[in-house]
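**Student:** The structure's right below; bear with me while I get my questions together.
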Amino acid sequence: MRGPNIVVCVKQVPDSAQIRVHPVTGTIMRQGVPAVLNPYDLFALEEALQIKDRLGGRIVALCMGPPQAEAALRKALSLGVDDAVLVSDRAFAGSDTLATSFALASAIRQVGQEQPVDLVFTGKQTIDGDTGQVGPGVAKRLGMQLLSYVCRIPILDMDSQSIVVHRWTEKGVQVLKSKLPCLITVLEGTSEGRFASLPEMIRAARQPIRVWNRQAAGIEDLSKIGLKGSPTVVGKVFAPSRRAERAECIEWEQDQAEKAVSLLWEKIRARQPE
Amino acid sequence: RKAALDPRLAEYRGVWVFVERDEQGVHPVSWELLGAARALADQLGSEVGAVVAGGAEESLESHCRDAVAYGADRVYQTVHPVLAGYRNEPYAKLLCELVKKHKPEILLLGATSLGRDLASSVATTLETGLTADCTELAIDRESRALAATRPTFGGNLLCTILTLNYRPQMATVRPRVLPQPKKDHGRSGQIQKEEIDLSEEEMVTKLLEFLPHAGGDRLDLSLAEVIVAGGKGLQRAANFSLLEELARALGGEVGATRAAVQAGWVDVQRQIGQTGKTVRPKLYIAAGISGEIQHRVGMEGSDLIVAINTDPNAPIFEVAHYGIVGDALILLPLLTRMVRGQAVATKTSGLEVCSSS
Ligand SMILES: Cc1cc2nc3c(=O)[nH]c(=O)nc-3n(C[C@H](O)[C@H](O)[C@H](O)COP(=O)(O)OP(=O)(O)OC[C@H]3O[C@@H](n4cnc5c(N)ncnc54)[C@H](O)[C@@H]3O)c2cc1C
Ligand SMILES: Cc1cc2nc3c(=O)[nH]c(=O)nc-3n(C[C@H](O)[C@H](O)[C@H](O)COP(=O)(O)OP(=O)(O)OC[C@H]3O[C@@H](n4cnc5c(N)ncnc54)[C@H](O)[C@@H]3O)c2cc1C
């Protein structure tokens, strides 16, 4: 039995921990903010790598983005992914989630021409666009079963092409049985990530990354990608209006804590009669 | 981009809400959305529709009536065994078919694990726009389009997104971001049965089992009326007991910042903020919390915010209504005593404090 052919979608994002807002103008200061592999995608990668550890097979990391996004793919390679594809074309600029899912789905079909794809993994969401819409979108485009917010994969059986997953919901876990091929969006914290080994890092730095333009990704219909293929339009971007007044602070002297707290409690009760 | 709306799209009318439900009942976000849908529909001069679906008729009837009481003019009710328990395939198929048949102008869902899964699938199948995690919904006067505002960059900025030449216009909204509307049993609305052609044999994915979270039924932070939250300023895991005692005295729940969660002081279920829960309690007490934007976006909708912090310049004082500059480790126990003392006083004064509900 052959091991599964897996595609993991990864996005390059600005490291939001380092994004600062200009104290006066309230605009985002993006200059010099390093780009990283979307942290949620590390869990998707780890899940795929664990399957490969068990069953063999092949993992292709797939990213849509500008040429610099290659760095995210090198990171994926260093963790043990076999092959990497960067889908990059000016025609993709301005894509919303609908257009992004179209481009990624087309590229996955191309990967499938080499060998049928059994599983597609995505992260739960990104830390920049933060919509969580791309994974489900790709599943629908490919006509694959969608298994979202997966926190465990207890069974994957290539012989019967069946899979059992635990899907997280707010109230509990759904145990779902499905068929390959399917698309899984992986919940964060599902497993400890792994570190790149030195030989893997060397391999990752040397390995060529395949770069596909629109045609190579199998996209003919220009109306489905970029701004044209994006129904959502960003109207305006603005800073949230701050409440004008600051908190009314209770003044108090040292050793008068009890009095201060009682004053506070009176004020709370005055606003919350019960 | 100001092109006139395609006449075929102008046929789309009405503001719809997908009502999310399970065996225990309806998710409150659906009622919050109906409140917003009502306001949008009134502005557009159109109807509010609610989609209620499930596996067995009995449990749906009361949910349909509630949907009307919360603002729906028309409820589309579908009963089919494959709709017992949420699965993407049958629900996405149902919602797509209902939209194609009745052509709503706007379709709203909760930004929950179910709502996001379903909304993205439906938007992709219908090839229309979907704005995620909105905090405000309005109608753009010029274009008559839905202006859906959502936080970006962790709440530091907001952006308003429009879906101009596609219908329906779709959006998801997080629970507790919008206020819960008043229930009006006097409202009237129509309940309309809708059939769907599905069979279990066609369904590829099977729901084998549901394993409730341990203690998950006990804790629903987003519904708590009182929250006592703590951050790194509490210094140690053990000091979280100070919050627990105050929360117990007030009949509330304990919440926390991500920093406290990451320190391992408290379970991630209690995290409030951008990557945690959004809460909207009547009273929010923030102790030893700096009030970074990622925390504030999760709690600034609270009715009354009280902050305790040693630093008079902590940003939490910009969102709090009342503040006290001081050491939470000293002030929290005093406050707990005060609250308990009052509880005793009201009891001994013989007043009826609990309303019978
Ligand atoms: C501030 C802001 C707000 C936005 N709001 C919206 C909105 O409301 N609606 C909308 O339709 N678009 C929106 N967009 C556009 C959207 O971010 C882009 O379409 C983006 O390409 C993908 O969406 P995401 O980042 O939300 O990904 P998500 O849907 O959150 O990503 C989920 C997973 O999909 C995979 N993935 C996503 N993008 C890629 C990629 N380029 N390459 C490979 N894998 C990928 C990853 O595995 C990722 O973990 C917004 C963008 C910004 C910057
Ligand atoms: C992408 C991203 C997502 C995030 N999501 C979230 C989220 O969902 N929720 C969240 O909370 N954070 C989130 N954060 C983190 C957030 O930016 C802050 O780092 C975090 O909220 C700070 O937590 P804190 O207030 O507990 O700690 P600190 O910022 O360290 O503040 C501690 C405060 O306690 C005060 N203090 C110290 N000693 C005492 C004392 N004895 N008594 C009273 N006060 C005292 C200090 O003056 C200080 O103001 C996110 C960050 C990023 C980058």
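To be explicit about the labels: the chains of the structure tokens are called A, B, and onward in the order shown, and within each one the residues are counted from 1, while ligands get numbers from 1 in the order they are shown.
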Quick one: residues within 10 Å of Gln192 of chain B, only C-alpha atoms counted, chain neighbours fewer than 4 positions away excluded, as an MDAnalysis selection string?

**Tutor:** chainID B and resid 51 64 74:78

**Student:** Pick out the residues no farther than 8 Å from ligand 1, counting only C-alpha atoms and all ligand atoms, and list them as a PyMOL selection string.

**Tutor:** (chain A and resi 8-12+38+40-41+44+62-65+87+94-101+104+121-135+185+230-232+234) or (chain B and resi 129-134+150-153+159+161+171)

**Student:** Could you tell me, as a list in words, which residues of segment 60-113 of chain A DSSP assigns to strand (DSSP E) when given the backbone?

**Tutor:**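 DSSP on the backbone gives strand (DSSP E) at Val60, Ala61, Leu62, Cys63, Met64, Asp83, Ala84, Val85, Leu86 and Val87 of chain A.
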
**Student:** Store the residues picked out above in a file with all heavy atoms, as a PDB file, in the first residue's frame.

**Tutor:**
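Writing the result to result-v3.pdb gives the following:
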ATOM      1  N   VAL A  60       3.777  17.753   0.224  1.00  0.00           N
ATOM      2  CA  VAL A  60       4.095  18.944  -0.563  1.00  0.00           C
ATOM      3  C   VAL A  60       3.582  20.158   0.195  1.00  0.00           C
ATOM      4  O   VAL A  60       2.405  20.201   0.570  1.00  0.00           O
ATOM      5  CB  VAL A  60       3.402  18.903  -1.949  1.00  0.00           C
ATOM      6  CG1 VAL A  60       3.766  20.138  -2.763  1.00  0.00           C
ATOM      7  CG2 VAL A  60       3.742  17.628  -2.689  1.00  0.00           C
ATOM      8  N   ALA A  61       4.451  21.122   0.446  1.00  0.00           N
ATOM      9  CA  ALA A  61       4.001  22.381   1.050  1.00  0.00           C
ATOM     10  C   ALA A  61       3.654  23.344  -0.075  1.00  0.00           C
ATOM     11  O   ALA A  61       4.385  23.449  -1.055  1.00  0.00           O
ATOM     12  CB  ALA A  61       5.082  22.961   1.943  1.00  0.00           C
ATOM     13  N   LEU A  62       2.530  24.033   0.087  1.00  0.00           N
ATOM     14  CA  LEU A  62       2.027  24.916  -0.965  1.00  0.00           C
ATOM     15  C   LEU A  62       1.744  26.292  -0.384  1.00  0.00           C
ATOM     16  O   LEU A  62       1.082  26.419   0.651  1.00  0.00           O
ATOM     17  CB  LEU A  62       0.733  24.316  -1.540  1.00  0.00           C
ATOM     18  CG  LEU A  62      -0.049  25.154  -2.545  1.00  0.00           C
ATOM     19  CD1 LEU A  62       0.746  25.318  -3.838  1.00  0.00           C
ATOM     20  CD2 LEU A  62      -1.395  24.497  -2.838  1.00  0.00           C
ATOM     21  N   CYS A  63       2.266  27.290  -1.058  1.00  0.00           N
ATOM     22  CA  CYS A  63       2.053  28.662  -0.575  1.00  0.00           C
ATOM     23  C   CYS A  63       1.726  29.562  -1.750  1.00  0.00           C
ATOM     24  O   CYS A  63       2.332  29.454  -2.814  1.00  0.00           O
ATOM     25  CB  CYS A  63       3.326  29.154   0.112  1.00  0.00           C
ATOM     26  SG  CYS A  63       3.251  30.864   0.644  1.00  0.00           S
ATOM     27  N   MET A  64       0.760  30.442  -1.578  1.00  0.00           N
ATOM     28  CA  MET A  64       0.522  31.487  -2.565  1.00  0.00           C
ATOM     29  C   MET A  64       1.014  32.786  -1.956  1.00  0.00           C
ATOM     30  O   MET A  64       0.643  33.116  -0.828  1.00  0.00           O
ATOM     31  CB  MET A  64      -0.968  31.605  -2.886  1.00  0.00           C
ATOM     32  CG  MET A  64      -1.252  32.681  -3.924  1.00  0.00           C
ATOM     33  SD  MET A  64      -3.025  32.857  -4.232  1.00  0.00           S
ATOM     34  CE  MET A  64      -3.366  34.303  -3.253  1.00  0.00           C
ATOM     35  N   ASP A  83       8.642  18.432  -0.647  1.00  0.00           N
ATOM     36  CA  ASP A  83       8.624  19.230  -1.861  1.00  0.00           C
ATOM     37  C   ASP A  83       7.870  20.527  -1.549  1.00  0.00           C
ATOM     38  O   ASP A  83       7.023  20.547  -0.655  1.00  0.00           O
ATOM     39  CB  ASP A  83       7.883  18.410  -2.941  1.00  0.00           C
ATOM     40  CG  ASP A  83       8.018  19.003  -4.326  1.00  0.00           C
ATOM     41  OD1 ASP A  83       8.752  19.998  -4.492  1.00  0.00           O
ATOM     42  OD2 ASP A  83       7.373  18.470  -5.246  1.00  0.00           O
ATOM     43  N   ALA A  84       8.206  21.586  -2.289  1.00  0.00           N
ATOM     44  CA  ALA A  84       7.547  22.864  -2.008  1.00  0.00           C
ATOM     45  C   ALA A  84       7.179  23.572  -3.299  1.00  0.00           C
ATOM     46  O   ALA A  84       7.949  23.583  -4.254  1.00  0.00           O
ATOM     47  CB  ALA A  84       8.474  23.743  -1.171  1.00  0.00           C
ATOM     48  N   VAL A  85       5.982  24.145  -3.310  1.00  0.00           N
ATOM     49  CA  VAL A  85       5.511  24.879  -4.483  1.00  0.00           C
ATOM     50  C   VAL A  85       5.065  26.269  -4.053  1.00  0.00           C
ATOM     51  O   VAL A  85       4.244  26.409  -3.138  1.00  0.00           O
ATOM     52  CB  VAL A  85       4.321  24.156  -5.162  1.00  0.00           C
ATOM     53  CG1 VAL A  85       3.773  24.999  -6.304  1.00  0.00           C
ATOM     54  CG2 VAL A  85       4.728  22.770  -5.648  1.00  0.00           C
ATOM     55  N   LEU A  86       5.621  27.270  -4.709  1.00  0.00           N
ATOM     56  CA  LEU A  86       5.187  28.643  -4.471  1.00  0.00           C
ATOM     57  C   LEU A  86       4.367  29.103  -5.672  1.00  0.00           C
ATOM     58  O   LEU A  86       4.864  29.102  -6.807  1.00  0.00           O
ATOM     59  CB  LEU A  86       6.404  29.565  -4.281  1.00  0.00           C
ATOM     60  CG  LEU A  86       6.083  31.052  -4.121  1.00  0.00           C
ATOM     61  CD1 LEU A  86       5.296  31.306  -2.833  1.00  0.00           C
ATOM     62  CD2 LEU A  86       7.351  31.890  -4.131  1.00  0.00           C
ATOM     63  N   VAL A  87       3.136  29.451  -5.420  1.00  0.00           N
ATOM     64  CA  VAL A  87       2.279  29.953  -6.485  1.00  0.00           C
ATOM     65  C   VAL A  87       2.363  31.469  -6.429  1.00  0.00           C
ATOM     66  O   VAL A  87       1.976  32.075  -5.427  1.00  0.00           O
ATOM     67  CB  VAL A  87       0.826  29.489  -6.279  1.00  0.00           C
ATOM     68  CG1 VAL A  87      -0.046  29.941  -7.428  1.00  0.00           C
ATOM     69  CG2 VAL A  87       0.776  27.985  -6.147  1.00  0.00           C
TER      70      VAL A  87
END

**Student:** For chain A against chain B, which residues fall within 6 Å using only C-alpha atoms, given as a list in words?

**Tutor:**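 That gives Thr131, Gln133, Pro136, Gly137, Thr169, Lys171, Gly172, Val173, Gln174, Val175, Leu176, Lys177, Ser178, Pro231, Thr232, Val233, Val234, Gly235, Lys236, Val237, Phe238, Ala239, Arg246, Ala247, Glu248, Cys249, Ile250 and Val261 of chain A for chain A.
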
**Student:** Could you give me the residues within 7 Å of ligand 2, counting only C-alpha atoms and all ligand atoms, as JSON, numbers by chain?

**Tutor:** {"A": [16, 17, 127], "B": [154, 230, 231, 232, 233, 234, 235, 256, 257, 258, 259, 260, 271, 272, 273, 274, 275, 276, 287, 288, 289, 290, 291, 292, 293, 294, 295, 308, 309, 310, 311, 314, 326, 327, 328, 329]}

**Student:** Print the selection's residues with C-alpha atoms to a file, as a CSV table (one decimal), in the first residue's frame.

**Tutor:**
chain,number,residue,atom,x,y,z
A,16,SER,CA,2.1,40.4,14.5
A,17,ALA,CA,3.9,40.3,17.8
A,127,ILE,CA,-2.8,35.8,12.2
B,154,GLY,CA,-5.3,42.5,16.6
B,230,GLY,CA,-6.7,38.5,36.3
B,231,GLY,CA,-3.4,39.0,34.6
B,232,LYS,CA,0.4,38.8,35.1
B,233,GLY,CA,0.0,41.4,37.9
B,234,LEU,CA,-1.3,38.7,40.2
B,235,GLN,CA,2.3,37.4,40.3
B,256,ALA,CA,-7.7,35.7,32.4
B,257,THR,CA,-5.3,37.4,30.0
B,258,ARG,CA,-3.3,35.4,27.6
B,259,ALA,CA,-0.2,36.2,29.6
B,260,ALA,CA,-1.7,34.4,32.6
B,271,GLN,CA,-8.8,33.4,28.2
B,272,ILE,CA,-10.5,36.6,27.1
B,273,GLY,CA,-9.5,38.6,24.1
B,274,GLN,CA,-8.6,38.5,20.4
B,275,THR,CA,-7.5,34.9,20.5
B,276,GLY,CA,-9.8,33.9,23.4
B,287,ALA,CA,-7.1,42.9,38.4
B,288,GLY,CA,-3.4,43.1,37.5
B,289,ILE,CA,-4.3,43.4,33.8
B,290,SER,CA,-2.4,46.0,31.7
B,291,GLY,CA,-5.2,46.3,29.1
B,292,GLU,CA,-3.4,45.7,25.9
B,293,ILE,CA,-5.5,46.0,22.8
B,294,GLN,CA,-5.7,42.2,22.2
B,295,HIS,CA,-7.3,41.9,25.7
B,308,ILE,CA,-7.3,47.4,39.8
B,309,ASN,CA,-3.7,48.1,38.8
B,310,THR,CA,-0.6,49.4,40.5
B,311,ASP,CA,0.3,51.5,37.5
B,314,ALA,CA,-1.9,51.3,32.6
B,326,GLY,CA,-3.2,49.8,44.1
B,327,ASP,CA,-2.0,46.3,44.8
B,328,ALA,CA,-4.6,43.7,43.7
B,329,LEU,CA,-3.3,41.2,46.2

**Student:** Could you pull the residues within 10 Å of Val111 of chain A, counting only C-alpha atoms, minus those fewer than 2 positions along the same chain, as a PyMOL selection string?

**Tutor:** chain A and resi 5-7+60+62+85+105-109+113-117+217

**Student:** Those same residues - C-alpha atoms - I'd like them written as a short mmCIF file (atom, residue, chain, number, x, y, z; two decimals), in the first residue's frame.

**Tutor:**
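Once written, part_5.cif looks like this:
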data_model
loop_
_atom_site.label_atom_id
_atom_site.label_comp_id
_atom_site.auth_asym_id
_atom_site.auth_seq_id
_atom_site.Cartn_x
_atom_site.Cartn_y
_atom_site.Cartn_z
CA ASN A 5 0.11 12.05 -0.83
CA ILE A 6 -0.41 15.11 1.34
CA VAL A 7 -0.56 18.83 0.54
CA VAL A 60 4.09 18.94 -0.56
CA LEU A 62 2.03 24.92 -0.96
CA VAL A 85 5.51 24.88 -4.48
CA ALA A 105 -7.45 24.66 -5.37
CA SER A 106 -6.13 24.94 -8.94
CA ALA A 107 -2.57 24.43 -7.75
CA ILE A 108 -3.60 21.38 -5.71
CA ARG A 109 -5.20 19.92 -8.82
CA GLN A 113 -1.67 15.38 -11.78
CA GLU A 114 1.68 14.10 -10.55
CA GLN A 115 0.05 11.76 -8.07
CA PRO A 116 -3.52 11.84 -6.70
CA VAL A 117 -3.83 13.93 -3.53
CA ALA A 217 -0.98 26.58 -11.58
#

**Student:** For Pro28 of chain B, please output as a PyMOL selection string all residues within 12 Å (counting only C-alpha atoms; exclusion window: fewer than 2 positions along the same chain).

**Tutor:** chain B and resi 18-22+24-26+30-35+63+66-67+70+109-112+173-181+220+222-223

**Student:** Write a file of the selected residues as a compact mmCIF listing (two decimals), in the first residue's frame, keeping N, CA and C atoms.

**Tutor:**
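New file out12.txt:
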# COMPACT_ATOMS: atom_id res chain seq x y z
N PHE B 18 -28.87 32.52 9.97
CA PHE B 18 -28.88 31.07 10.18
C PHE B 18 -28.91 30.83 11.69
N VAL B 19 -29.95 30.14 12.15
CA VAL B 19 -30.11 29.90 13.59
C VAL B 19 -29.35 28.62 13.97
N GLU B 20 -28.31 28.82 14.77
CA GLU B 20 -27.45 27.70 15.17
C GLU B 20 -28.03 27.03 16.40
N ARG B 21 -28.28 25.72 16.33
CA ARG B 21 -28.90 25.06 17.45
C ARG B 21 -28.35 23.64 17.62
N ASP B 22 -28.56 23.10 18.81
CA ASP B 22 -28.24 21.70 19.04
C ASP B 22 -29.30 21.15 20.00
N GLN B 24 -29.40 20.98 23.06
CA GLN B 24 -29.64 21.79 24.26
C GLN B 24 -30.36 23.10 23.96
N GLY B 25 -30.36 23.52 22.72
CA GLY B 25 -31.05 24.76 22.42
C GLY B 25 -30.32 25.58 21.37
N VAL B 26 -30.70 26.86 21.30
CA VAL B 26 -30.16 27.75 20.27
C VAL B 26 -28.96 28.49 20.84
N SER B 30 -27.25 33.61 17.70
CA SER B 30 -28.29 33.68 16.67
C SER B 30 -29.32 34.75 17.01
N TRP B 31 -29.64 34.86 18.29
CA TRP B 31 -30.60 35.90 18.70
C TRP B 31 -29.95 37.28 18.58
N GLU B 32 -28.67 37.35 18.94
CA GLU B 32 -27.96 38.63 18.79
C GLU B 32 -27.98 39.06 17.32
N LEU B 33 -27.79 38.10 16.42
CA LEU B 33 -27.80 38.40 14.99
C LEU B 33 -29.18 38.83 14.52
N LEU B 34 -30.22 38.21 15.09
CA LEU B 34 -31.58 38.61 14.70
C LEU B 34 -31.84 40.06 15.08
N GLY B 35 -31.29 40.48 16.21
CA GLY B 35 -31.43 41.88 16.62
C GLY B 35 -30.80 42.80 15.57
N HIS B 63 -38.13 26.81 18.83
CA HIS B 63 -37.06 27.66 18.31
C HIS B 63 -37.58 28.57 17.20
N ASP B 66 -39.42 31.33 18.93
CA ASP B 66 -38.44 32.26 19.53
C ASP B 66 -37.81 33.16 18.47
N ALA B 67 -37.52 32.58 17.31
CA ALA B 67 -36.92 33.38 16.24
C ALA B 67 -37.83 34.56 15.88
N TYR B 70 -37.69 37.18 18.54
CA TYR B 70 -36.46 37.98 18.51
C TYR B 70 -36.34 38.84 17.25
N LEU B 109 -24.23 34.73 9.96
CA LEU B 109 -24.03 33.55 10.80
C LEU B 109 -23.12 33.90 11.97
N GLY B 110 -23.18 33.11 13.02
CA GLY B 110 -22.29 33.31 14.16
C GLY B 110 -20.87 32.88 13.80
N ALA B 111 -19.88 33.57 14.36
CA ALA B 111 -18.49 33.18 14.10
C ALA B 111 -18.09 32.12 15.12
N THR B 112 -18.78 30.98 15.06
CA THR B 112 -18.51 29.85 15.95
C THR B 112 -17.85 28.76 15.11
N VAL B 173 -20.34 36.98 12.76
CA VAL B 173 -20.14 37.87 13.91
C VAL B 173 -19.89 37.00 15.13
N ARG B 174 -18.90 37.39 15.92
CA ARG B 174 -18.59 36.62 17.13
C ARG B 174 -19.69 36.73 18.17
N PRO B 175 -19.88 35.68 18.97
CA PRO B 175 -20.84 35.77 20.07
C PRO B 175 -20.48 36.91 21.01
N ARG B 176 -21.49 37.54 21.56
CA ARG B 176 -21.38 38.58 22.59
C ARG B 176 -20.83 39.90 22.10
N VAL B 177 -20.65 40.06 20.81
CA VAL B 177 -20.18 41.34 20.29
C VAL B 177 -21.38 42.27 20.13
N LEU B 178 -22.51 41.71 19.72
CA LEU B 178 -23.73 42.50 19.56
C LEU B 178 -24.61 42.28 20.80
N PRO B 179 -25.40 43.28 21.17
CA PRO B 179 -26.28 43.09 22.32
C PRO B 179 -27.41 42.11 22.01
N GLN B 180 -27.88 41.44 23.04
CA GLN B 180 -29.02 40.54 22.86
C GLN B 180 -30.30 41.36 22.79
N PRO B 181 -31.13 41.17 21.76
CA PRO B 181 -32.36 41.97 21.67
C PRO B 181 -33.40 41.51 22.69
N ASP B 220 -19.30 28.60 30.65
CA ASP B 220 -19.45 29.32 29.40
C ASP B 220 -19.22 30.78 29.71
N SER B 222 -18.62 33.29 27.97
CA SER B 222 -19.24 34.34 27.18
C SER B 222 -20.66 34.64 27.67
N LEU B 223 -21.20 33.80 28.52
CA LEU B 223 -22.55 34.05 29.02
C LEU B 223 -22.57 34.55 30.47

**Student:** Taking the chain letters and numbering used in this document, name the residues of segment 115-272 of chain B that DSSP puts in helix (DSSP H, G or I), as number ranges by chain.

**Tutor:** B: 115-126, 153-155, 200-202, 221-223, 232-234, 237-250, 258-262, 268-270

**Student:** How would the residues just chosen look if you wrote them out with N, CA and C atoms as a tab-separated table (two decimals), in the first residue's frame?

**Tutor:**
chain	number	residue	atom	x	y	z
B	115	GLY	N	-20.57	27.96	12.64
B	115	GLY	CA	-20.91	29.06	11.74
B	115	GLY	C	-19.82	29.35	10.72
B	116	ARG	N	-18.55	29.29	11.16
B	116	ARG	CA	-17.46	29.57	10.22
B	116	ARG	C	-17.33	28.47	9.19
B	117	ASP	N	-17.47	27.24	9.64
B	117	ASP	CA	-17.39	26.07	8.76
B	117	ASP	C	-18.47	26.18	7.69
B	118	LEU	N	-19.68	26.49	8.14
B	118	LEU	CA	-20.81	26.55	7.22
B	118	LEU	C	-20.75	27.78	6.32
B	119	ALA	N	-20.47	28.95	6.90
B	119	ALA	CA	-20.48	30.19	6.12
B	119	ALA	C	-19.45	30.14	4.99
B	120	SER	N	-18.23	29.68	5.30
B	120	SER	CA	-17.21	29.64	4.25
B	120	SER	C	-17.60	28.69	3.14
B	121	SER	N	-18.21	27.57	3.50
B	121	SER	CA	-18.59	26.60	2.49
B	121	SER	C	-19.68	27.16	1.59
B	122	VAL	N	-20.65	27.81	2.20
B	122	VAL	CA	-21.78	28.36	1.43
B	122	VAL	C	-21.30	29.51	0.55
B	123	ALA	N	-20.47	30.39	1.09
B	123	ALA	CA	-19.99	31.53	0.31
B	123	ALA	C	-19.18	31.05	-0.90
B	124	THR	N	-18.37	30.01	-0.70
B	124	THR	CA	-17.57	29.50	-1.82
B	124	THR	C	-18.46	28.85	-2.87
B	125	THR	N	-19.41	28.05	-2.43
B	125	THR	CA	-20.28	27.38	-3.38
B	125	THR	C	-21.09	28.40	-4.18
B	126	LEU	N	-21.58	29.44	-3.51
B	126	LEU	CA	-22.37	30.46	-4.19
B	126	LEU	C	-21.49	31.51	-4.87
B	153	PHE	N	-5.30	43.57	12.47
B	153	PHE	CA	-4.08	43.73	13.25
B	153	PHE	C	-4.39	43.73	14.74
B	154	GLY	N	-5.08	42.72	15.15
B	154	GLY	CA	-5.33	42.52	16.56
B	154	GLY	C	-6.14	43.63	17.21
B	155	GLY	N	-6.98	44.29	16.43
B	155	GLY	CA	-7.87	45.28	17.02
B	155	GLY	C	-7.28	46.69	17.02
B	200	GLU	N	-29.28	9.74	3.70
B	200	GLU	CA	-28.11	9.40	4.49
B	200	GLU	C	-27.07	8.66	3.64
B	201	GLU	N	-27.53	7.85	2.69
B	201	GLU	CA	-26.59	7.08	1.86
B	201	GLU	C	-25.63	8.01	1.10
B	202	GLU	N	-26.14	9.19	0.70
B	202	GLU	CA	-25.27	10.10	-0.06
B	202	GLU	C	-24.21	10.76	0.81
B	221	LEU	N	-17.96	31.15	29.60
B	221	LEU	CA	-17.54	32.48	29.99
B	221	LEU	C	-18.32	33.56	29.25
B	222	SER	N	-18.62	33.29	27.97
B	222	SER	CA	-19.24	34.34	27.18
B	222	SER	C	-20.66	34.64	27.67
B	223	LEU	N	-21.20	33.80	28.52
B	223	LEU	CA	-22.55	34.05	29.02
B	223	LEU	C	-22.57	34.55	30.47
B	232	LYS	N	-0.98	39.05	34.60
B	232	LYS	CA	0.35	38.82	35.14
B	232	LYS	C	0.57	39.56	36.46
B	233	GLY	N	-0.17	40.64	36.66
B	233	GLY	CA	-0.02	41.41	37.89
B	233	GLY	C	-0.35	40.62	39.15
B	234	LEU	N	-0.97	39.47	39.01
B	234	LEU	CA	-1.27	38.66	40.20
B	234	LEU	C	-0.05	37.85	40.65
B	237	ALA	N	0.47	31.71	40.34
B	237	ALA	CA	-0.73	30.90	40.11
B	237	ALA	C	-1.62	30.87	41.34
B	238	ALA	N	-0.99	30.73	42.50
B	238	ALA	CA	-1.76	30.58	43.74
B	238	ALA	C	-2.66	31.79	43.98
B	239	ASN	N	-2.22	32.96	43.52
B	239	ASN	CA	-3.01	34.17	43.78
B	239	ASN	C	-4.31	34.21	42.97
B	240	PHE	N	-4.44	33.31	42.00
B	240	PHE	CA	-5.70	33.27	41.28
B	240	PHE	C	-6.85	32.87	42.17
B	241	SER	N	-6.53	32.27	43.32
B	241	SER	CA	-7.60	31.92	44.26
B	241	SER	C	-8.29	33.19	44.78
B	242	LEU	N	-7.57	34.30	44.80
B	242	LEU	CA	-8.19	35.57	45.22
B	242	LEU	C	-9.31	35.95	44.26
B	243	LEU	N	-9.08	35.69	42.98
B	243	LEU	CA	-10.10	35.98	41.98
B	243	LEU	C	-11.28	35.02	42.15
B	244	GLU	N	-10.94	33.76	42.38
B	244	GLU	CA	-11.99	32.75	42.53
B	244	GLU	C	-12.92	33.10	43.69
B	245	GLU	N	-12.32	33.54	44.79
B	245	GLU	CA	-13.15	33.87	45.95
B	245	GLU	C	-14.07	35.04	45.66
B	246	LEU	N	-13.53	36.07	45.01
B	246	LEU	CA	-14.38	37.22	44.69
B	246	LEU	C	-15.46	36.82	43.67
B	247	ALA	N	-15.07	36.02	42.71
B	247	ALA	CA	-16.04	35.58	41.70
B	247	ALA	C	-17.16	34.79	42.37
B	248	ARG	N	-16.79	33.93	43.29
B	248	ARG	CA	-17.81	33.13	43.97
B	248	ARG	C	-18.75	34.04	44.77
B	249	ALA	N	-18.18	35.00	45.47
B	249	ALA	CA	-19.01	35.91	46.26
B	249	ALA	C	-19.98	36.69	45.37
B	250	LEU	N	-19.54	36.99	44.15
B	250	LEU	CA	-20.39	37.78	43.24
B	250	LEU	C	-21.26	36.89	42.35
B	258	ARG	N	-4.04	36.42	28.18
B	258	ARG	CA	-3.26	35.37	27.55
B	258	ARG	C	-1.95	35.17	28.30
B	259	ALA	N	-1.42	36.27	28.83
B	259	ALA	CA	-0.16	36.16	29.56
B	259	ALA	C	-0.32	35.21	30.76
B	260	ALA	N	-1.45	35.31	31.46
B	260	ALA	CA	-1.69	34.44	32.61
B	260	ALA	C	-1.89	32.99	32.17
B	261	VAL	N	-2.55	32.83	31.02
B	261	VAL	CA	-2.77	31.48	30.49
B	261	VAL	C	-1.43	30.87	30.10
B	262	GLN	N	-0.60	31.68	29.44
B	262	GLN	CA	0.68	31.15	28.98
B	262	GLN	C	1.62	30.84	30.14
B	268	VAL	N	-6.84	27.59	29.45
B	268	VAL	CA	-7.03	28.40	28.24
B	268	VAL	C	-8.50	28.72	27.97
B	269	GLN	N	-9.39	27.86	28.49
B	269	GLN	CA	-10.84	28.10	28.34
B	269	GLN	C	-11.24	29.46	28.92
B	270	ARG	N	-10.41	29.98	29.83
B	270	ARG	CA	-10.79	31.23	30.51
B	270	ARG	C	-10.16	32.46	29.87

**Student:** Out of A:Ala91, A:Ile219, A:Leu180, A:Ala260, which residue has the shortest atom-to-atom distance to Gly143 of chain A when counting only C-alpha atoms?

**Tutor:**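 Comparing A:Ala91, A:Ile219, A:Leu180, A:Ala260 against Gly143 of chain A, the winner is A:Leu180.
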
**Student:** Could you tell me how far atom CA of Gly56 of chain A lies from atom CA of Ala72 of chain A, in Å and to one decimal?

**Tutor:**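 Result for atom CA of Gly56 of chain A versus atom CA of Ala72 of chain A: 23.3 Å, one decimal.
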